[in-house]
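Pasted below: run15.tsv, TSV, C-alpha atoms and all ligand atoms.
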chain	number	residue	atom	x	y	z
A	1	MET	CA	31.66	84.36	-25.11
A	2	GLY	CA	29.03	82.64	-22.94
A	3	MET	CA	25.86	81.04	-24.26
A	4	ILE	CA	23.53	83.51	-22.58
A	5	GLU	CA	25.52	86.44	-23.84
A	6	ASP	CA	25.43	84.92	-27.31
A	7	ALA	CA	21.65	84.37	-27.19
A	8	LEU	CA	21.13	87.90	-25.90
A	9	ARG	CA	23.27	89.32	-28.67
A	10	LYS	CA	21.28	87.41	-31.27
A	11	MET	CA	17.99	88.59	-29.74
A	12	VAL	CA	19.14	92.21	-29.62
A	13	LYS	CA	20.40	92.02	-33.19
A	14	THR	CA	17.11	90.61	-34.52
A	15	SER	CA	15.06	93.13	-32.56
A	16	VAL	CA	17.22	96.05	-33.70
A	17	GLN	CA	17.10	94.87	-37.30
A	18	GLU	CA	13.30	94.54	-37.21
A	19	LYS	CA	12.77	97.91	-35.56
A	20	VAL	CA	15.15	99.79	-37.82
A	21	THR	CA	13.57	98.13	-40.86
A	22	ALA	CA	10.11	99.17	-39.58
A	23	LEU	CA	11.36	102.73	-39.05
A	24	VAL	CA	12.76	102.88	-42.60
A	25	GLU	CA	9.43	101.52	-43.89
A	26	SER	CA	7.19	103.91	-42.00
A	27	ARG	CA	9.22	107.09	-42.11
A	28	PHE	CA	11.17	106.76	-45.34
A	29	ALA	CA	8.81	104.64	-47.47
A	30	SER	CA	11.35	101.78	-47.30
A	31	ASP	CA	13.99	103.97	-48.95
A	32	GLN	CA	17.08	102.85	-47.02
A	33	GLU	CA	19.35	105.26	-48.80
A	34	ARG	CA	17.18	108.23	-47.87
A	35	ALA	CA	17.14	107.00	-44.26
A	36	PHE	CA	20.92	106.70	-44.29
A	37	GLN	CA	21.29	110.24	-45.61
A	38	PHE	CA	18.83	111.53	-43.02
A	39	TYR	CA	20.71	109.97	-40.10
A	40	ASP	CA	24.11	110.97	-41.51
A	41	ALA	CA	23.58	114.35	-39.86
A	42	ASP	CA	27.03	115.76	-40.60
A	43	LYS	CA	26.93	114.45	-44.21
A	44	ASN	CA	30.33	112.76	-44.08
A	45	ALA	CA	28.94	109.59	-45.73
A	46	VAL	CA	29.30	107.46	-42.59
A	47	ILE	CA	27.04	106.92	-39.60
A	48	ASP	CA	28.96	107.48	-36.39
A	49	THR	CA	28.00	106.22	-32.93
A	50	ASN	CA	25.93	109.31	-32.08
A	51	GLU	CA	24.08	109.22	-35.38
A	52	LEU	CA	23.38	105.51	-34.91
A	53	GLU	CA	22.08	106.21	-31.41
A	54	THR	CA	19.61	108.75	-32.85
A	55	MET	CA	18.45	106.15	-35.35
A	56	LEU	CA	17.96	103.56	-32.59
A	57	ASN	CA	16.02	106.06	-30.48
A	58	ASP	CA	13.75	106.89	-33.42
A	59	ALA	CA	13.29	103.19	-34.14
A	60	GLY	CA	12.10	102.68	-30.56
A	61	VAL	CA	14.81	100.17	-29.77
A	62	ALA	CA	14.88	99.51	-26.05
A	63	VAL	CA	16.84	96.80	-24.34
A	64	PRO	CA	16.71	96.27	-20.58
A	65	LYS	CA	19.81	97.56	-18.77
A	66	LYS	CA	21.49	98.64	-21.97
A	67	THR	CA	21.32	102.17	-23.23
A	68	ASN	CA	21.08	102.84	-26.93
A	69	ALA	CA	24.50	104.45	-26.63
A	70	GLU	CA	25.92	101.09	-25.49
A	71	ILE	CA	24.08	99.21	-28.22
A	72	ALA	CA	25.23	101.75	-30.80
A	73	ALA	CA	28.84	101.27	-29.70
A	74	ALA	CA	28.52	97.47	-29.90
A	75	MET	CA	26.83	97.60	-33.31
A	76	MET	CA	29.49	99.98	-34.53
A	77	GLY	CA	32.13	97.35	-33.89
A	78	GLU	CA	30.11	94.64	-35.60
A	79	MET	CA	28.87	96.51	-38.67
A	80	ASN	CA	31.99	98.52	-39.38
A	81	THR	CA	33.61	95.86	-41.52
A	82	ASP	CA	36.18	98.03	-43.31
A	83	GLY	CA	37.80	99.36	-40.15
A	84	PHE	CA	37.24	103.02	-41.01
A	85	SER	CA	35.45	105.11	-38.43
A	86	GLY	CA	31.70	105.10	-38.86
A	87	ILE	CA	29.37	102.90	-40.83
A	88	SER	CA	29.12	103.42	-44.57
A	89	TRP	CA	25.94	103.12	-46.59
A	90	THR	CA	27.13	99.72	-47.89
A	91	GLU	CA	27.74	98.44	-44.37
A	92	LEU	CA	24.37	99.61	-43.05
A	93	LYS	CA	22.59	98.10	-46.04
A	94	ALA	CA	24.41	94.79	-45.52
A	95	ALA	CA	23.52	94.78	-41.82
A	96	LEU	CA	19.84	95.49	-42.48
A	97	GLU	CA	19.60	92.87	-45.17
A	98	ALA	CA	21.49	90.12	-43.33
A	99	GLY	CA	19.26	87.25	-42.23
B	101	CA	CA	28.08	111.08	-40.26
Mind converting the file's structure to structure tokens?
Amino acid sequence: MGMIEDALRKMVKTSVQEKVTALVESRFASDQERAFQFYDADKNAVIDTNELETMLNDAGVAVPKKTNAEIAAAMMGEMNTDGFSGISWTELKAALEAG
């Protein structure tokens, strides 16, 4: 992976993390679990790509020349550490709390 790509990824990750955290703060009184349950629209205990995209849209994440669908797909790959489809509550929590 190139340096610019790496820097961009880091920037996007920080920005997404901040915006999602702000969304959870303002709309769910910082209750991450409630936010997770809200965005888990089909209640299957994992956030899929579409559900993540909705969360990113609500969080006001916008990255030039990348749609939230593309970002959601990329984040999916990164956050989904157990290899099952979708992001579990534990994985989302870990991603939001990572420095
Ligand atoms: Ca789901």
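Closest to ligand CA 101 (chain B) among A:Ala22, A:Ala72, A:Val46, A:Ala7 is A:Val46, based on all atoms listed in the file.
Among all protein and nucleic acid residues, the ones that lie within 8 Å of ligand CA 101 (chain B) when counting only C-alpha atoms and all ligand atoms are Tyr39, Asp40, Ala41, Asp42, Lys43, Asn44, Ala45, Val46, Ile47, Asp48, Glu51 and Gly86 of chain A.
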Output of the above residues as a tab-separated table (two decimals), in the coordinates of the input, restricted to C-alpha atoms:
chain	number	residue	atom	x	y	z
A	39	TYR	CA	20.71	109.97	-40.10
A	40	ASP	CA	24.11	110.97	-41.51
A	41	ALA	CA	23.58	114.35	-39.86
A	42	ASP	CA	27.03	115.76	-40.60
A	43	LYS	CA	26.93	114.45	-44.21
A	44	ASN	CA	30.33	112.76	-44.08
A	45	ALA	CA	28.94	109.59	-45.73
A	46	VAL	CA	29.30	107.46	-42.59
A	47	ILE	CA	27.04	106.92	-39.60
A	48	ASP	CA	28.96	107.48	-36.39
A	51	GLU	CA	24.08	109.22	-35.38
A	86	GLY	CA	31.70	105.10	-38.86
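Of the listed residues (A:Asn50, A:Asp58, A:Ala69, A:Asn80), A:Asp58 comes nearest to Ala35 in chain A; the distances count only C-alpha atoms.
Between CA of Met55 in chain A and CA of Ser85 in chain A the separation is 17.3 Å.
Here CA of Glu5 in chain A and CA of Ala95 in chain A stand 19.9 Å from one another.
Among the candidate residues A:Asp6, A:Ala29, A:Thr21, A:Met11, the one lying nearest to Lys93 in chain A is A:Thr21, with distances computed using all atoms listed in the file.
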message = Report as a PyMOL selection string all protein, DNA and RNA residues lying within 9 Å of Gln17 in chain A, evaluated on all atoms listed in the file, omitting residues in the same chain fewer than 3 positions from it.
response = chain A and resi 12-14+20-22+95-98
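With all atoms listed in the file as the basis for measurement, A:Met75 is the residue among A:Gln32, A:Phe38, A:Met75, A:Ala94 that approaches Glu53 in chain A most closely.
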note = Closest of A:Ala59, A:Glu78, A:Trp89, A:Lys10 to Val24 in chain A, counting only C-alpha atoms, is A:Ala59
request  = State, in Å with one decimal place, the distance from CA of Gly60 in chain A to CA of Val16 in chain A.
outcome  = 8.9 Å
